[in-house]
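Structure data (mmCIF, C-alpha atoms) from input_19.cif:
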```cif
data_coords
loop_
_atom_site.group_PDB
_atom_site.id
_atom_site.type_symbol
_atom_site.label_atom_id
_atom_site.label_comp_id
_atom_site.auth_asym_id
_atom_site.auth_seq_id
_atom_site.Cartn_x
_atom_site.Cartn_y
_atom_site.Cartn_z
ATOM 1 C CA MET A 1 95.149 95.771 129.809
ATOM 2 C CA GLY A 2 92.279 93.494 128.828
ATOM 3 C CA LYS A 3 92.404 90.153 127.044
ATOM 4 C CA THR A 4 95.596 89.528 125.037
ATOM 5 C CA TYR A 5 97.012 87.178 122.421
ATOM 6 C CA LYS A 6 100.622 86.055 122.955
ATOM 7 C CA MET A 7 102.826 85.474 119.905
ATOM 8 C CA GLN A 8 106.409 85.343 118.650
ATOM 9 C CA ILE A 9 107.434 87.940 116.068
ATOM 10 C CA ALA A 10 110.969 88.082 114.655
ATOM 11 C CA GLY A 11 112.209 86.082 117.645
ATOM 12 C CA LEU A 12 110.536 88.345 120.192
ATOM 13 C CA THR A 13 107.478 87.620 122.338
ATOM 14 C CA ARG A 14 104.626 90.117 122.378
ATOM 15 C CA GLU A 15 101.205 90.246 124.073
ATOM 16 C CA LEU A 16 98.784 91.874 121.613
ATOM 17 C CA GLU A 17 95.728 93.462 123.186
ATOM 18 C CA MET A 18 92.378 92.247 121.858
ATOM 19 C CA PHE A 19 89.725 94.659 120.556
ATOM 20 C CA PRO A 20 86.230 94.125 119.134
ATOM 21 C CA VAL A 21 85.794 95.094 115.477
ATOM 22 C CA SER A 22 82.152 93.982 115.375
ATOM 23 C CA ASP A 23 79.678 91.962 117.433
ATOM 24 C CA THR A 24 81.164 88.772 115.992
ATOM 25 C CA LEU A 25 84.866 89.578 115.549
ATOM 26 C CA ASP A 26 87.818 90.597 117.698
ATOM 27 C CA ILE A 27 91.327 91.390 116.504
ATOM 28 C CA ALA A 28 94.668 91.322 118.284
ATOM 29 C CA ALA A 29 96.131 94.789 117.724
ATOM 30 C CA PHE A 30 99.722 94.914 116.516
ATOM 31 C CA ILE A 31 101.085 98.424 117.070
ATOM 32 C CA LEU A 32 104.632 99.254 115.989
ATOM 33 C CA PHE A 33 104.530 102.792 117.387
ATOM 34 C CA GLY A 34 106.863 102.983 120.375
ATOM 35 C CA ASP A 35 108.200 99.408 120.021
ATOM 36 C CA THR A 36 111.660 100.026 118.612
ATOM 37 C CA GLU A 37 112.873 96.513 119.446
ATOM 38 C CA ILE A 38 110.194 94.765 117.367
ATOM 39 C CA THR A 39 110.498 97.350 114.581
ATOM 40 C CA VAL A 40 114.247 96.759 114.193
ATOM 41 C CA ALA A 41 113.930 92.965 114.452
ATOM 42 C CA ALA A 42 111.020 92.783 111.994
ATOM 43 C CA ALA A 43 112.823 95.028 109.493
ATOM 44 C CA THR A 44 115.910 92.811 109.679
ATOM 45 C CA GLU A 45 113.909 89.628 109.103
ATOM 46 C CA LEU A 46 111.776 91.072 106.281
ATOM 47 C CA LEU A 47 114.870 92.344 104.448
ATOM 48 C CA LYS A 48 116.183 88.759 104.423
ATOM 49 C CA LYS A 49 113.031 87.637 102.590
ATOM 50 C CA VAL A 50 112.350 90.356 100.009
ATOM 51 C CA PRO A 51 113.788 90.603 96.482
ATOM 52 C CA GLU A 52 116.020 93.442 95.265
ATOM 53 C CA PHE A 53 114.268 96.821 95.260
ATOM 54 C CA ASP A 54 115.058 100.482 94.637
ATOM 55 C CA ILE A 55 112.526 102.208 96.885
ATOM 56 C CA ILE A 56 110.032 101.423 99.644
ATOM 57 C CA LEU A 57 106.432 102.645 99.580
ATOM 58 C CA THR A 58 104.265 102.474 102.682
ATOM 59 C CA PRO A 59 100.797 103.764 103.531
ATOM 60 C CA GLU A 60 100.439 106.281 106.347
ATOM 61 C CA ALA A 61 100.704 105.717 109.377
ATOM 62 C CA LYS A 62 101.398 102.609 111.511
ATOM 63 C CA SER A 63 103.905 101.116 109.072
ATOM 64 C CA ILE A 64 106.063 104.254 108.798
ATOM 65 C CA PRO A 65 108.510 103.159 111.542
ATOM 66 C CA LEU A 66 108.984 99.820 109.756
ATOM 67 C CA ALA A 67 109.543 101.477 106.367
ATOM 68 C CA TYR A 68 112.012 103.893 107.963
ATOM 69 C CA GLU A 69 113.954 101.066 109.614
ATOM 70 C CA MET A 70 113.991 98.967 106.447
ATOM 71 C CA SER A 71 115.228 102.050 104.595
ATOM 72 C CA ARG A 72 117.912 102.679 107.186
ATOM 73 C CA GLN A 73 119.132 99.073 107.157
ATOM 74 C CA SER A 74 119.041 98.696 103.357
ATOM 75 C CA GLY A 75 120.278 102.156 102.432
ATOM 76 C CA LYS A 76 117.303 102.513 100.061
ATOM 77 C CA PRO A 77 114.856 105.454 100.241
ATOM 78 C CA TYR A 78 111.220 105.271 101.277
ATOM 79 C CA VAL A 79 108.109 107.306 100.552
ATOM 80 C CA VAL A 80 104.773 107.481 102.330
ATOM 81 C CA ALA A 81 101.350 107.407 100.690
ATOM 82 C CA ARG A 82 99.621 110.131 102.681
ATOM 83 C CA LYS A 83 96.037 110.090 103.998
ATOM 84 C CA GLY A 84 95.458 113.676 102.973
ATOM 85 C CA VAL A 85 96.726 116.193 100.447
ATOM 86 C CA LYS A 86 99.391 118.540 101.793
ATOM 87 C CA VAL A 87 100.105 121.983 100.346
ATOM 88 C CA TYR A 88 103.496 120.820 99.069
ATOM 89 C CA MET A 89 101.993 117.917 97.072
ATOM 90 C CA GLY A 90 101.644 119.048 93.474
ATOM 91 C CA ASN A 91 99.301 117.106 91.165
ATOM 92 C CA PRO A 92 98.633 114.302 93.674
ATOM 93 C CA LEU A 93 97.690 110.787 92.619
ATOM 94 C CA HIS A 94 94.698 109.564 94.617
ATOM 95 C CA VAL A 95 93.053 106.237 95.493
ATOM 96 C CA SER A 96 90.398 105.306 98.067
ATOM 97 C CA VAL A 97 90.431 102.289 100.400
ATOM 98 C CA ARG A 98 88.387 100.708 103.207
ATOM 99 C CA SER A 99 90.290 98.517 105.689
ATOM 100 C CA ILE A 100 89.207 96.192 108.490
ATOM 101 C CA THR A 101 90.457 98.531 111.248
ATOM 102 C CA THR A 102 88.573 101.634 110.123
ATOM 103 C CA ASN A 103 84.878 102.268 109.704
ATOM 104 C CA LYS A 104 85.152 104.682 106.799
ATOM 105 C CA VAL A 105 86.750 105.084 103.410
ATOM 106 C CA GLN A 106 90.349 106.259 103.565
ATOM 107 C CA ASP A 107 92.099 108.182 100.835
ATOM 108 C CA LEU A 108 95.765 107.740 99.915
ATOM 109 C CA TYR A 109 97.810 110.303 97.976
ATOM 110 C CA LEU A 110 101.239 110.631 96.395
ATOM 111 C CA GLY A 111 102.533 114.044 95.419
ATOM 112 C CA ASP A 112 104.447 114.618 92.204
ATOM 113 C CA GLY A 113 107.765 114.501 94.098
ATOM 114 C CA GLU A 114 107.008 110.998 95.371
ATOM 115 C CA VAL A 115 105.735 109.953 91.946
ATOM 116 C CA ALA A 116 109.047 111.054 90.400
ATOM 117 C CA LYS A 117 110.954 108.923 92.932
ATOM 118 C CA ILE A 118 108.830 105.846 92.112
ATOM 119 C CA LYS A 119 108.640 106.160 88.317
ATOM 120 C CA GLY A 120 110.654 103.414 86.631
ATOM 121 C CA LYS A 121 111.842 102.002 89.961
ATOM 122 C CA ARG A 122 111.524 98.573 91.593
ATOM 123 C CA VAL A 123 109.089 99.265 94.428
ATOM 124 C CA LEU A 124 108.792 97.293 97.662
ATOM 125 C CA ILE A 125 105.440 97.826 99.373
ATOM 126 C CA VAL A 126 105.762 97.670 103.162
ATOM 127 C CA ASP A 127 102.936 97.467 105.705
ATOM 128 C CA ASP A 128 102.620 96.409 109.317
ATOM 129 C CA VAL A 129 99.685 94.006 108.873
ATOM 130 C CA ILE A 130 97.934 92.748 105.756
ATOM 131 C CA SER A 131 94.402 91.554 106.446
ATOM 132 C CA THR A 132 91.669 91.994 103.865
ATOM 133 C CA GLY A 133 94.168 93.372 101.363
ATOM 134 C CA GLU A 134 92.143 96.515 100.639
ATOM 135 C CA SER A 135 95.001 98.831 101.626
ATOM 136 C CA LEU A 136 97.383 96.735 99.529
ATOM 137 C CA ILE A 137 95.116 97.078 96.484
ATOM 138 C CA ALA A 138 95.178 100.862 96.899
ATOM 139 C CA VAL A 139 98.954 101.048 97.303
ATOM 140 C CA ARG A 140 99.451 98.756 94.304
ATOM 141 C CA LYS A 141 97.252 101.073 92.266
ATOM 142 C CA LEU A 142 99.404 104.040 93.326
ATOM 143 C CA VAL A 143 102.576 102.187 92.278
ATOM 144 C CA ASN A 144 101.055 101.411 88.891
ATOM 145 C CA GLU A 145 99.763 104.950 88.320
ATOM 146 C CA ALA A 146 103.141 106.378 89.369
ATOM 147 C CA GLY A 147 104.919 104.222 86.778
ATOM 148 C CA GLY A 148 106.715 102.031 89.294
ATOM 149 C CA ASN A 149 107.279 98.283 89.145
ATOM 150 C CA GLU A 150 106.161 96.407 92.268
ATOM 151 C CA VAL A 151 108.691 93.695 93.121
ATOM 152 C CA ALA A 152 106.971 92.527 96.325
ATOM 153 C CA ALA A 153 104.553 93.435 99.081
ATOM 154 C CA CYS A 154 105.542 92.580 102.631
ATOM 155 C CA ALA A 155 104.238 92.925 106.160
ATOM 156 C CA VAL A 156 105.181 91.823 109.623
ATOM 157 C CA LEU A 157 101.889 89.941 110.030
ATOM 158 C CA ALA A 158 99.308 88.368 107.722
ATOM 159 C CA GLU A 159 95.942 88.522 109.480
ATOM 160 C CA GLY A 160 93.189 85.960 108.989
ATOM 161 C CA ASP A 161 92.970 84.462 105.499
ATOM 162 C CA ALA A 162 95.832 86.684 104.296
ATOM 163 C CA LYS A 163 98.174 83.969 105.585
ATOM 164 C CA ASP A 164 97.071 81.842 102.602
ATOM 165 C CA ARG A 165 97.982 84.453 99.981
ATOM 166 C CA ASP A 166 100.911 83.792 97.691
ATOM 167 C CA ASP A 167 101.376 87.416 96.632
ATOM 168 C CA ILE A 168 102.705 88.722 99.961
ATOM 169 C CA ILE A 169 105.759 88.153 102.132
ATOM 170 C CA PHE A 170 105.223 88.129 105.908
ATOM 171 C CA LEU A 171 106.857 86.974 109.105
ATOM 172 C CA GLU A 172 103.952 85.481 111.060
ATOM 173 C CA PRO A 173 100.252 84.709 110.676
ATOM 174 C CA LEU A 174 97.819 86.500 113.022
ATOM 175 C CA PRO A 175 94.463 84.823 113.576
ATOM 176 C CA LEU A 176 91.107 86.568 113.667
ATOM 177 C CA PHE A 177 88.995 85.808 116.719
ATOM 178 C CA PHE A 178 85.375 85.035 115.920
ATOM 179 C CA LYS A 179 82.834 85.079 118.744
#
```
Just give me the structure of the file as structure tokens.
Amino acid sequence: MGKTYKMQIAGLTRELEMFPVSDTLDIAAFILFGDTEITVAAATELLKKVPEFDIILTPEAKSIPLAYEMSRQSGKPYVVARKGVKVYMGNPLHVSVRSITTNKVQDLYLGDGEVAKIKGKRVLIVDDVISTGESLIAVRKLVNEAGGNEVAACAVLAEGDAKDRDDIIFLEPLPLFFK
């Protein structure tokens, strides 16, 4: 492992590996995949902070374990905004997004089954990290187009300037590392 950034998340200590995003910026990568302990602890702490909701919506893919665990602990269902259209997704809603961790435009889709689950419901948006907010804008647009009512957006970490936002709930700030 290369250079790391040590931090406390939901009472647990983690060493996040650093990666260059550009010639002038590094990020500390927070990966939930395979870290059941942090996923369970973060879900528990986020559920203490969020308002009442009927359903969780999360973008594919890194936040799926968190959405699952929050669903399991709360007893409320969750749906995933997919990165591609699947054959079983009738009349999909579609939005495009560019995030800090990818170098291309990403597409997010909800099939008509997911739309039916969201319509008229109080929707909690769940993500692992909120940074530039581009993914959040896309998911919010999906909620609106599906006829849902966003009650909150939450993430384990708020990266960079996202820590100063008043429209998200998060557990810890995560700095950006400028060279």
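For the structure shown here, the set of residues caught by the PyMOL selection byres ((chain A and resi 129) around 9) is Phe30, Ser63, Asp127, Asp128, Ile130, Ser131, Cys154, Ala155, Val156, Leu157, Ala158, Glu159, Phe170 and Leu174 of chain A.
You will find CA of Lys117 in chain A at 18.2 Å from CA of Ala138 in chain A.
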Using the chain letters and residue numbers of this document, give as number ranges by chain the residues selected by the PyMOL selection byres ((chain A and resi 15-19) around 10).
-> A: 1-8, 13-14, 20-22, 25-31, 177
Matched chain/residue IDs from the PyMOL selection byres ((chain A and resi 53-60) around 10), as number ranges by chain = A: 50-52, 61-68, 70-71, 74-84, 108-110, 114, 117-118, 120-128, 135-136, 138-140, 142-143, 148-154
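Of note, CA of Val105 in chain A and CA of Thr39 in chain A are spaced 27.4 Å apart.
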Pick the closest to Leu47 in chain A from A:Asn91, A:Ser96, A:Thr132, A:Gln73: which is it, counting all atoms listed in the file?
-> A:Gln73
Of the residues A:Ile9, A:Val40, A:Lys48, A:Gly133, which is the one nearest to Pro173 in chain A, using all atoms listed in the file?
->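 Comparing A:Ile9, A:Val40, A:Lys48, A:Gly133 against Pro173 in chain A, the winner is A:Ile9.
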